[in-house]
>>> print(open('start_2.cif').read())   # mmCIF, C-alpha atoms
data_query
#
loop_
_atom_site.label_atom_id
_atom_site.label_comp_id
_atom_site.auth_asym_id
_atom_site.auth_seq_id
_atom_site.Cartn_x
_atom_site.Cartn_y
_atom_site.Cartn_z
CA MET A 203 -66.87 -20.99 28.84
CA ARG A 204 -64.40 -19.99 26.11
CA ILE A 205 -65.41 -16.88 24.17
CA LEU A 206 -63.82 -15.39 21.08
CA ALA A 207 -64.46 -11.67 20.60
CA ALA A 208 -63.50 -9.98 17.36
CA ARG A 209 -62.78 -6.35 16.46
CA LEU A 210 -60.84 -6.11 13.19
CA ASP A 211 -60.12 -2.38 13.23
CA ASN A 212 -57.55 0.17 14.39
CA ASP A 213 -56.30 0.72 17.94
CA GLY A 214 -58.96 3.33 18.78
CA ASP A 215 -61.82 1.07 17.70
CA VAL A 216 -60.44 -1.78 19.78
CA LEU A 217 -60.14 0.46 22.85
CA LEU A 218 -63.79 1.48 22.46
CA THR A 219 -64.75 -2.20 22.65
CA GLY A 220 -62.98 -2.60 26.00
CA PRO A 221 -66.01 -2.28 28.31
CA ALA A 222 -67.94 -4.85 26.25
CA LEU A 223 -65.00 -7.24 26.46
CA ARG A 224 -65.08 -6.96 30.25
CA ALA A 225 -68.76 -7.91 30.09
CA LEU A 226 -67.85 -11.03 28.13
CA ALA A 227 -65.03 -11.79 30.59
CA ALA A 228 -67.58 -11.83 33.41
CA SER A 229 -69.01 -14.94 31.74
CA GLY A 230 -65.86 -16.82 30.78
CA THR A 231 -62.38 -16.72 29.29
CA VAL A 232 -62.05 -14.19 26.45
CA ASP A 233 -59.62 -14.11 23.56
CA LEU A 234 -59.72 -11.23 21.09
CA LEU A 235 -59.27 -11.50 17.34
CA ALA A 236 -57.70 -8.25 16.14
CA SER A 237 -56.16 -6.86 12.98
CA PRO A 238 -52.46 -5.95 12.90
CA ALA A 239 -53.55 -2.30 13.29
CA GLY A 240 -55.44 -3.06 16.50
CA ALA A 241 -53.39 -5.79 18.14
CA GLY A 242 -51.35 -3.36 20.24
CA ALA A 243 -54.46 -1.91 21.85
CA ALA A 244 -55.94 -5.38 22.27
CA ARG A 245 -53.01 -6.35 24.49
CA LEU A 246 -53.71 -3.38 26.78
CA LEU A 247 -57.29 -4.37 27.59
CA PRO A 248 -58.35 -5.90 30.92
CA GLY A 249 -60.30 -9.12 30.55
CA VAL A 250 -58.49 -10.27 27.39
CA GLN A 251 -56.49 -13.45 27.93
CA ASP A 252 -54.93 -13.86 24.48
CA VAL A 253 -54.84 -11.95 21.20
CA LEU A 254 -55.17 -13.61 17.81
CA VAL A 255 -54.14 -11.52 14.79
CA PHE A 256 -55.69 -11.67 11.32
CA ASP A 257 -55.49 -9.13 8.50
CA PRO A 258 -58.98 -9.16 6.94
CA PRO A 259 -59.32 -8.58 3.19
CA TRP A 260 -62.76 -7.01 3.73
CA SER A 261 -61.81 -4.25 6.18
CA GLY A 262 -59.32 -1.43 6.74
CA PHE A 263 -58.08 1.55 4.75
CA GLY A 264 -55.69 -0.60 2.73
CA PRO A 265 -57.22 -4.08 2.85
CA ALA A 266 -54.98 -7.12 2.52
CA PRO A 267 -55.38 -9.27 -0.57
CA VAL A 268 -57.38 -12.46 -0.27
CA GLN A 269 -54.86 -15.06 0.89
CA PRO A 270 -56.31 -18.56 1.14
CA ALA A 271 -53.45 -19.77 3.35
CA ALA A 272 -54.08 -16.98 5.89
CA VAL A 273 -57.82 -17.69 5.91
CA GLU A 274 -57.22 -21.41 6.36
CA ALA A 275 -54.77 -20.74 9.18
CA LEU A 276 -57.32 -18.59 10.99
CA VAL A 277 -60.04 -21.24 10.64
CA ALA A 278 -57.65 -23.90 11.93
CA ALA A 279 -56.54 -21.76 14.89
CA VAL A 280 -60.12 -20.99 15.93
CA ARG A 281 -61.18 -24.63 15.52
CA GLY A 282 -58.21 -25.78 17.60
CA ARG A 283 -59.14 -23.55 20.53
CA GLY A 284 -62.66 -24.93 20.79
CA TYR A 285 -64.56 -21.73 21.48
CA ASP A 286 -68.08 -22.09 22.82
CA GLU A 287 -69.20 -18.84 21.24
CA ALA A 288 -68.03 -15.78 19.37
CA VAL A 289 -69.14 -12.14 19.44
CA VAL A 290 -68.20 -10.06 16.41
CA PHE A 291 -67.94 -6.32 17.07
CA THR A 292 -68.05 -3.96 14.09
CA SER A 293 -68.67 -0.30 13.37
CA PHE A 294 -72.04 0.77 12.01
CA HIS A 295 -70.91 0.71 8.37
CA GLN A 296 -69.23 -2.71 8.49
CA SER A 297 -70.60 -6.20 7.92
CA PRO A 298 -69.78 -9.01 10.36
CA LEU A 299 -70.85 -11.69 7.89
CA PRO A 300 -67.51 -12.53 6.21
CA LEU A 301 -65.98 -13.31 9.60
CA ALA A 302 -69.14 -15.06 10.78
CA LEU A 303 -68.83 -17.46 7.83
CA LEU A 304 -65.23 -18.28 8.79
CA LEU A 305 -66.27 -18.83 12.39
CA ARG A 306 -68.95 -21.27 11.26
CA LEU A 307 -66.36 -23.10 9.17
CA ALA A 308 -64.21 -23.25 12.32
CA GLY A 309 -67.02 -24.95 14.21
CA VAL A 310 -68.05 -22.12 16.54
CA GLY A 311 -71.56 -23.06 17.59
CA ARG A 312 -72.94 -19.68 18.62
CA VAL A 313 -72.13 -16.41 16.86
CA SER A 314 -73.52 -12.97 17.74
CA ALA A 315 -73.17 -9.68 15.84
CA ALA A 316 -74.97 -6.55 14.71
CA SER A 317 -76.01 -6.80 11.08
CA GLU A 318 -78.27 -4.79 8.82
CA ASP A 319 -77.90 -7.46 6.14
CA TYR A 320 -79.83 -10.73 6.19
CA PRO A 321 -77.43 -13.18 7.90
CA GLY A 322 -78.94 -16.47 6.75
CA SER A 323 -77.63 -19.19 9.07
CA LEU A 324 -74.43 -17.31 9.98
CA LEU A 325 -75.68 -15.61 13.15
CA ASP A 326 -77.49 -17.01 16.17
CA VAL A 327 -77.96 -13.57 17.76
CA ARG A 328 -78.55 -10.78 15.28
CA VAL A 329 -78.81 -7.22 16.58
CA ARG A 330 -79.91 -4.22 14.59
CA ARG A 331 -78.12 -1.21 15.97
CA GLU A 332 -80.58 1.12 17.64
CA GLY A 333 -80.00 4.80 18.32
CA GLY A 334 -78.57 5.64 14.91
CA PRO A 335 -75.72 8.14 14.81
CA GLU A 336 -76.40 9.25 18.40
CA LEU A 337 -75.41 5.91 19.94
CA HIS A 338 -71.78 5.93 21.03
CA GLU A 339 -69.55 3.07 19.89
CA VAL A 340 -68.92 2.03 23.51
CA ASP A 341 -72.65 1.78 24.18
CA ALA A 342 -73.30 -0.06 20.92
CA ALA A 343 -70.70 -2.68 21.84
CA LEU A 344 -72.15 -3.06 25.32
CA ALA A 345 -75.63 -3.48 23.80
CA LEU A 346 -74.38 -6.30 21.59
CA ALA A 347 -72.71 -8.01 24.55
CA ALA A 348 -75.95 -7.74 26.51
CA ALA A 349 -77.96 -9.20 23.62
CA ALA A 350 -75.54 -12.14 23.60
CA GLY A 351 -76.20 -12.64 27.32
CA HIS A 352 -73.20 -10.91 28.92
CA ALA A 353 -73.34 -8.02 31.39
CA LEU A 354 -70.72 -5.99 33.19
CA PRO A 355 -70.03 -7.25 36.71
CA ALA A 356 -71.30 -5.33 39.72
CA GLY A 357 -69.21 -2.26 40.38
CA ASP A 358 -67.94 -1.88 36.80
CA ASP A 359 -68.96 1.59 35.63
CA GLY A 360 -68.52 0.77 31.93
CA ARG A 361 -65.75 3.28 31.30
CA MET A 362 -62.80 2.51 29.09
CA ARG A 363 -59.72 1.13 30.86
CA VAL A 364 -56.30 -0.33 30.19
CA ARG A 365 -54.08 -2.72 32.12
CA GLU A 366 -51.41 -1.44 34.49
CA LEU A 367 -49.09 0.90 32.64
CA PRO A 368 -45.28 1.11 32.61
CA PRO A 369 -43.55 4.13 34.16
CA VAL A 370 -43.43 7.30 32.06
CA PRO A 371 -40.40 6.65 29.84
CA LEU A 372 -38.82 10.11 30.29
CA GLU A 373 -38.73 12.87 32.87
CA LEU A 374 -41.36 15.36 31.76
CA PRO A 375 -42.34 18.81 33.07
CA GLU A 376 -44.98 18.98 35.79
CA GLY A 377 -48.51 19.81 34.69
CA PHE A 378 -47.85 19.27 30.98
CA VAL A 379 -50.42 19.18 28.20
CA VAL A 380 -50.04 16.71 25.33
CA VAL A 381 -50.60 17.83 21.76
CA HIS A 382 -50.90 14.86 19.39
CA PRO A 383 -51.02 16.35 15.87
CA GLY A 384 -51.24 13.24 13.72
CA ALA A 385 -54.09 10.92 12.74
CA SER A 386 -54.40 7.71 10.78
CA VAL A 387 -56.91 9.54 8.54
CA PRO A 388 -55.58 12.91 7.28
CA ALA A 389 -59.04 14.52 7.27
CA ARG A 390 -59.23 14.07 11.04
CA ALA A 391 -56.00 15.92 11.89
CA PRO A 392 -55.15 19.63 12.10
CA SER A 393 -52.54 20.92 9.67
CA PRO A 394 -48.97 20.95 11.02
CA GLU A 395 -48.98 24.75 10.94
CA HIS A 396 -52.24 24.89 12.91
CA ALA A 397 -50.94 22.39 15.46
CA ALA A 398 -47.73 24.40 15.88
CA ARG A 399 -49.74 27.56 16.55
CA ILE A 400 -51.74 25.67 19.18
CA VAL A 401 -48.53 24.52 20.86
CA GLU A 402 -47.18 28.07 20.82
CA ALA A 403 -50.42 29.45 22.31
CA LEU A 404 -50.41 26.86 25.10
CA ARG A 405 -46.79 27.69 25.87
CA ARG A 406 -47.61 31.42 25.99
CA SER A 407 -50.40 30.62 28.46
CA GLY A 408 -47.79 29.14 30.78
CA ARG A 409 -48.45 25.44 30.19
CA PRO A 410 -45.63 22.99 29.43
CA VAL A 411 -46.38 21.05 26.23
CA VAL A 412 -45.33 17.56 25.13
CA VAL A 413 -45.84 16.65 21.46
CA THR A 414 -46.41 12.96 20.75
CA GLY A 415 -46.48 10.89 17.59
CA SER A 416 -45.65 7.50 16.13
CA PRO A 417 -42.24 6.59 14.69
CA GLY A 418 -43.59 7.47 11.25
CA GLU A 419 -44.58 10.95 12.49
CA ARG A 420 -41.15 12.17 13.65
CA ALA A 421 -40.97 14.81 10.93
CA LEU A 422 -44.46 16.02 11.85
CA THR A 423 -43.77 16.29 15.58
CA ALA A 424 -40.48 18.10 14.88
CA ARG A 425 -42.45 20.75 12.94
CA VAL A 426 -45.07 21.07 15.67
CA ALA A 427 -42.86 21.05 18.78
CA VAL A 428 -42.14 24.81 18.80
CA ALA A 429 -41.61 27.34 21.60
CA GLY A 430 -39.76 24.96 23.89
CA ALA A 431 -42.20 22.04 23.68
CA VAL A 432 -40.86 18.54 24.33
CA ASP A 433 -40.81 16.38 21.19
CA LEU A 434 -41.62 12.71 21.88
CA GLY A 435 -42.26 11.78 18.26
CA GLY A 436 -41.36 8.11 17.81
CA ALA A 437 -40.05 7.87 21.39
CA THR A 438 -42.75 5.60 22.83
CA ASP A 439 -44.51 2.38 22.02
CA LEU A 440 -48.26 2.18 22.63
CA PRO A 441 -48.00 1.32 26.37
CA GLY A 442 -45.44 4.10 26.75
CA LEU A 443 -47.73 6.56 24.99
CA ALA A 444 -50.55 5.51 27.31
CA ALA A 445 -48.30 6.22 30.29
CA VAL A 446 -47.47 9.70 28.94
CA LEU A 447 -51.15 10.46 28.32
CA ALA A 448 -52.05 9.23 31.81
CA ALA A 449 -49.56 11.69 33.32
CA ALA A 450 -50.82 14.67 31.29
CA ARG A 451 -53.25 17.31 32.55
CA ALA A 452 -55.08 17.24 29.21
CA VAL A 453 -54.63 15.97 25.67
CA VAL A 454 -55.27 18.01 22.52
CA VAL A 455 -55.87 15.61 19.64
CA GLY A 456 -57.98 14.96 16.54
CA ASN A 457 -60.62 12.24 16.39
CA THR A 458 -58.13 9.40 16.20
CA GLY A 459 -56.83 6.52 18.31
CA PRO A 460 -54.85 8.50 20.93
CA ALA A 461 -58.04 10.40 21.83
CA HIS A 462 -59.55 7.08 22.92
CA LEU A 463 -56.30 6.01 24.58
CA ALA A 464 -56.40 9.23 26.63
CA ALA A 465 -59.99 8.45 27.63
CA ALA A 466 -59.00 4.91 28.58
CA VAL A 467 -56.36 6.24 31.01
CA GLY A 468 -58.75 8.86 32.41
CA THR A 469 -57.20 12.04 30.99
CA PRO A 470 -59.43 14.95 29.83
CA VAL A 471 -59.45 15.54 26.08
CA VAL A 472 -59.75 18.61 23.88
CA SER A 473 -61.05 16.93 20.74
CA LEU A 474 -60.34 18.70 17.45
CA PHE A 475 -63.15 16.78 15.86
CA SER A 476 -63.57 16.61 12.09
CA PRO A 477 -67.23 15.73 11.42
CA VAL A 478 -66.49 13.23 8.66
CA VAL A 479 -67.87 10.82 11.28
CA PRO A 480 -70.45 11.79 13.95
CA ALA A 481 -69.07 13.19 17.20
CA ALA A 482 -71.92 11.62 19.18
CA ARG A 483 -70.67 8.21 18.10
CA TRP A 484 -66.91 8.72 18.24
CA ALA A 485 -66.13 11.48 20.78
CA PRO A 486 -63.97 10.64 23.83
CA HIS A 487 -66.00 8.47 26.20
CA GLY A 488 -66.25 8.61 29.97
CA VAL A 489 -63.86 11.53 30.62
CA PRO A 490 -64.31 15.32 30.69
CA HIS A 491 -63.85 16.56 27.14
CA VAL A 492 -64.50 19.52 24.87
CA VAL A 493 -65.34 18.98 21.20
CA LEU A 494 -64.08 21.76 18.93
CA GLY A 495 -64.65 22.03 15.19
CA ASP A 496 -67.53 22.91 12.90
CA GLN A 497 -69.79 19.88 13.16
CA ALA A 498 -72.05 21.24 10.42
CA ALA A 499 -69.27 21.62 7.83
CA GLY A 500 -69.89 20.33 4.33
CA CYS A 501 -67.75 17.25 4.98
CA ALA A 502 -70.07 16.04 7.76
CA GLY A 503 -70.87 12.35 7.55
CA THR A 504 -68.81 11.74 4.39
CA ARG A 505 -66.25 9.40 6.02
CA ALA A 506 -63.71 11.14 3.78
CA ARG A 507 -60.05 10.27 4.30
CA GLN A 508 -58.83 13.47 2.66
CA CYS A 509 -60.73 16.67 3.39
CA PRO A 510 -63.04 17.30 0.40
CA LEU A 511 -63.28 21.04 1.13
CA GLN A 512 -60.71 23.69 0.34
CA GLY A 513 -58.79 24.78 3.43
CA HIS A 514 -60.08 22.08 5.82
CA PRO A 515 -62.60 24.56 7.33
CA CYS A 516 -64.05 22.28 10.01
CA LEU A 517 -60.73 22.43 11.90
CA THR A 518 -59.08 25.63 10.66
CA SER A 519 -62.10 27.46 12.12
CA VAL A 520 -60.84 26.44 15.59
CA THR A 521 -58.72 29.25 17.03
CA GLU A 522 -55.71 28.78 19.25
CA GLY A 523 -57.53 30.80 21.90
CA GLN A 524 -60.43 28.34 21.87
CA VAL A 525 -58.02 25.47 22.49
CA VAL A 526 -56.33 27.28 25.39
CA SER A 527 -59.74 28.12 26.89
CA ALA A 528 -60.85 24.49 26.54
CA VAL A 529 -57.70 23.26 28.30
CA ASP A 530 -58.30 25.79 31.08
CA ALA A 531 -61.94 24.71 31.42
CA LEU A 532 -60.95 21.04 31.69
CA ALA A 533 -58.31 21.85 34.28
CA LEU A 534 -60.91 23.76 36.31
CA SER A 535 -63.40 20.88 36.06
CA GLU A 536 -60.75 18.45 37.30
CA LEU A 537 -59.93 20.78 40.20
CA VAL A 538 -63.59 21.08 41.21
CA GLU A 539 -64.03 17.31 40.95
CA GLY A 540 -60.98 16.81 43.16
CA VAL A 541 -62.39 19.14 45.83
CA ARG A 542 -65.60 17.14 45.89
#
>>> encode(input="start_2.cif", output="structure tokens")
Amino acid sequence: MRILAARLDNDGDVLLTGPALRALAASGTVDLLASPAGAGAARLLPGVQDVLVFDPPWSGFGPAPVQPAAVEALVAAVRGRGYDEAVVFTSFHQSPLPLALLLRLAGVGRVSAASEDYPGSLLDVRVRREGGPELHEVDAALALAAAAGHALPAGDDGRMRVRELPPVPLELPEGFVVVHPGASVPARAPSPEHAARIVEALRRSGRPVVVTGSPGERALTARVAVAGAVDLGGATDLPGLAAVLAAARAVVVGNTGPAHLAAAVGTPVVSLFSPVVPAARWAPHGVPHVVLGDQAAGCAGTRARQCPLQGHPCLTSVTEGQVVSAVDALALSELVEGVR
């Protein structure tokens, strides 16, 4: 059986779909349709044979314009591969129906998705997401896969995973903690000054610190990497970043893609979580973690990209001491687990 899965979102969203993709792979060969922003993560996921890339005009923070040639090329590519079925994974606020229409035009005979909107003849399996804001994205994706008839194989615990990683690209200090100060959505990141104070506090507590960031965040990581911290801003690609996170004792990060990448490589996370989206749905999954931040702040549930409140209080209320204590607590939990 040839199955096309789709998740047209950022890297973190794609990583959260990983367990569900392994469920599909237990039934057949799986290709994943991803956006340019999620294709890198798609290539890290076990169970995915090939990655197709399409920039959807109905999704993303800066959606692409409607380009008939790109749409026609996607329809032709899907038709040429002869998929037996497709499963369209989306977040709670997104509609799968634009893509479902294209999949029908491409001749896919069976299409499954979660949809609050009436799907007409576009979906064969329509799921209404149960559990509301308390249902984690990983569990919602697994529920859709199950509704489409696909279950995880015996022995698969349903945690996030990635393929085998490359070696850590640089020699790094033993027992280091990663601080990742950036985020694709500004409202979900600490201020550079706040992140620098966290780095300084961790260094004072005796922990080596490595600051990570994308090539576009070099100026940010240079501001944050104080007190002798190692600055890896722009020094790794996504597999390299995954290798660094896998080697870390803990990762301090906002609610953004690298938090989910850390979870996928099994590293504990201190989540500086801005409640613009619900923590129950988007917190790190399957690893020890501590969520810090005022989850009842006025921005809660707004999905705001820029903080709507003066001073970003949901995150500025987090003290450097709380972060150090959370890192210590995660290190202790890992030690106890290792003794067991």
>>> closest_residue(input="start_2.cif", among="A:Leu276, A:Leu511, A:Ala244, A:Leu206", to="Gly230 (chain A)", atoms="all atoms listed in the file")
A:Leu206
>>> residues_near_point(input="start_2.cif", point="(-44.5, 11.4, 30.4)", cutoff="10 Å", atoms="only C-alpha atoms", output="count of residues only")
23
>>> closest_residue(input="start_2.cif", among="A:Met362, A:Val432, A:Ala385, A:Leu346", to="Ala464 (chain A)", atoms="only C-alpha atoms")
A:Met362
>>> closest_residue(input="start_2.cif", among="A:Val493, A:Val381, A:Ala429, A:Cys516", to="Val455 (chain A)", atoms="only C-alpha atoms")
A:Val381
>>> residues_around(input="start_2.cif", residues="Ala275 (chain A)", least_positions_apart="3", cutoff="12 Å", atoms="all atoms listed in the file", output="VMD selection string")
chain A and resid 254 to 257 269 to 272 278 to 282 304 307 to 308
>>> closest_residue(input="start_2.cif", among="A:Val428, A:Ala266, A:Ala481, A:Cys509", to="Ala391 (chain A)", atoms="all atoms listed in the file")
A:Cys509
>>> closest_atom_pairs(input="start_2.cif", of="region 381-484 of chain A", to="region 294-301 of chain A", cutoff="12 Å", atoms="only C-alpha atoms", output="Markdown table")
| residue | atom | partner | partner_atom | distance |
| --- | --- | --- | --- | --- |
| A:Val479 | CA | A:Phe294 | CA | 10.9 |
| A:Pro480 | CA | A:Phe294 | CA | 11.3 |
| A:Arg483 | CA | A:Phe294 | CA | 9.7 |
| A:Trp484 | CA | A:Phe294 | CA | 11.3 |
>>> closest_residue(input="start_2.cif", among="A:His491, A:Arg283, A:His514, A:Arg204", to="Ala228 (chain A)", atoms="all atoms listed in the file")
A:Arg204
>>> atom_distance(input="start_2.cif", atom1="CA of Ser314 (chain A)", atom2="CA of Val289 (chain A)")
4.8 Å
>>> residues_near_point(input="start_2.cif", point="(-62.9, 13.8, 12.1)", cutoff="8 Å", atoms="only C-alpha atoms", output="PDB file with C-alpha atoms, keeping the file's coordinate frame")
ATOM      1  CA  ALA A 389     -59.040  14.520   7.270  1.00  0.00           C
ATOM      2  CA  ARG A 390     -59.230  14.070  11.040  1.00  0.00           C
ATOM      3  CA  ALA A 391     -56.000  15.920  11.890  1.00  0.00           C
ATOM      4  CA  GLY A 456     -57.980  14.960  16.540  1.00  0.00           C
ATOM      5  CA  ASN A 457     -60.620  12.240  16.390  1.00  0.00           C
ATOM      6  CA  THR A 458     -58.130   9.400  16.200  1.00  0.00           C
ATOM      7  CA  LEU A 474     -60.340  18.700  17.450  1.00  0.00           C
ATOM      8  CA  PHE A 475     -63.150  16.780  15.860  1.00  0.00           C
ATOM      9  CA  SER A 476     -63.570  16.610  12.090  1.00  0.00           C
ATOM     10  CA  PRO A 477     -67.230  15.730  11.420  1.00  0.00           C
ATOM     11  CA  VAL A 478     -66.490  13.230   8.660  1.00  0.00           C
ATOM     12  CA  VAL A 479     -67.870  10.820  11.280  1.00  0.00           C
TER      13      VAL A 479
END
>>> resolve_selection(input="start_2.cif", expression="the PyMOL selection byres ((chain A and resi 531) around 12)", output="PyMOL selection string")
chain A and resi 451-452+470-472+490-492+524-530+532-538
>>> axis_aligned_box(input="start_2.cif", around="region 291-305 of chain A", padding_each_side="8 Å", output="AutoDock Vina command-line options")
--center_x -68.6 --center_y -9.0 --center_z 11.6 --size_x 22.8 --size_y 35.6 --size_z 26.9
>>> closest_residue(input="start_2.cif", among="A:Gly468, A:Pro394, A:Ala506, A:Ala239", to="Leu440 (chain A)", atoms="only C-alpha atoms")
A:Ala239
>>> build_atoms(input="start_2.cif", residues="region 285-304 of chain A", atoms="N, CA and C atoms", output="CSV table (one decimal), in the frame of the given file")
chain,number,residue,atom,x,y,z
A,285,TYR,N,-63.7,-22.8,20.9
A,285,TYR,CA,-64.6,-21.7,21.5
A,285,TYR,C,-66.0,-22.2,21.6
A,286,ASP,N,-66.7,-21.8,22.7
A,286,ASP,CA,-68.1,-22.1,22.8
A,286,ASP,C,-68.9,-21.1,22.1
A,287,GLU,N,-68.5,-19.8,22.0
A,287,GLU,CA,-69.2,-18.8,21.2
A,287,GLU,C,-68.3,-17.7,20.8
A,288,ALA,N,-68.8,-16.9,19.9
A,288,ALA,CA,-68.0,-15.8,19.4
A,288,ALA,C,-69.0,-14.6,19.3
A,289,VAL,N,-68.4,-13.4,19.6
A,289,VAL,CA,-69.1,-12.1,19.4
A,289,VAL,C,-68.3,-11.2,18.5
A,290,VAL,N,-68.9,-10.8,17.4
A,290,VAL,CA,-68.2,-10.1,16.4
A,290,VAL,C,-68.6,-8.6,16.5
A,291,PHE,N,-67.7,-7.7,16.9
A,291,PHE,CA,-67.9,-6.3,17.1
A,291,PHE,C,-67.5,-5.6,15.8
A,292,THR,N,-68.4,-4.7,15.3
A,292,THR,CA,-68.0,-4.0,14.1
A,292,THR,C,-68.6,-2.5,14.3
A,293,SER,N,-68.1,-1.6,13.4
A,293,SER,CA,-68.7,-0.3,13.4
A,293,SER,C,-70.0,-0.4,12.6
A,294,PHE,N,-70.7,0.7,12.6
A,294,PHE,CA,-72.0,0.8,12.0
A,294,PHE,C,-72.0,0.4,10.5
A,295,HIS,N,-70.9,0.9,9.8
A,295,HIS,CA,-70.9,0.7,8.4
A,295,HIS,C,-70.3,-0.6,7.9
A,296,GLN,N,-69.9,-1.5,8.8
A,296,GLN,CA,-69.2,-2.7,8.5
A,296,GLN,C,-70.2,-3.9,8.6
A,297,SER,N,-69.8,-5.0,7.8
A,297,SER,CA,-70.6,-6.2,7.9
A,297,SER,C,-69.8,-7.2,8.7
A,298,PRO,N,-70.5,-7.9,9.6
A,298,PRO,CA,-69.8,-9.0,10.4
A,298,PRO,C,-69.8,-10.3,9.6
A,299,LEU,N,-70.5,-10.4,8.5
A,299,LEU,CA,-70.8,-11.7,7.9
A,299,LEU,C,-69.7,-12.4,7.3
A,300,PRO,N,-68.7,-11.7,6.7
A,300,PRO,CA,-67.5,-12.5,6.2
A,300,PRO,C,-66.8,-13.3,7.3
A,301,LEU,N,-66.6,-12.6,8.5
A,301,LEU,CA,-66.0,-13.3,9.6
A,301,LEU,C,-66.9,-14.4,10.2
A,302,ALA,N,-68.2,-14.1,10.2
A,302,ALA,CA,-69.1,-15.1,10.8
A,302,ALA,C,-69.1,-16.4,10.0
A,303,LEU,N,-68.9,-16.3,8.7
A,303,LEU,CA,-68.8,-17.5,7.8
A,303,LEU,C,-67.6,-18.3,8.2
A,304,LEU,N,-66.5,-17.6,8.4
A,304,LEU,CA,-65.2,-18.3,8.8
A,304,LEU,C,-65.4,-18.9,10.2
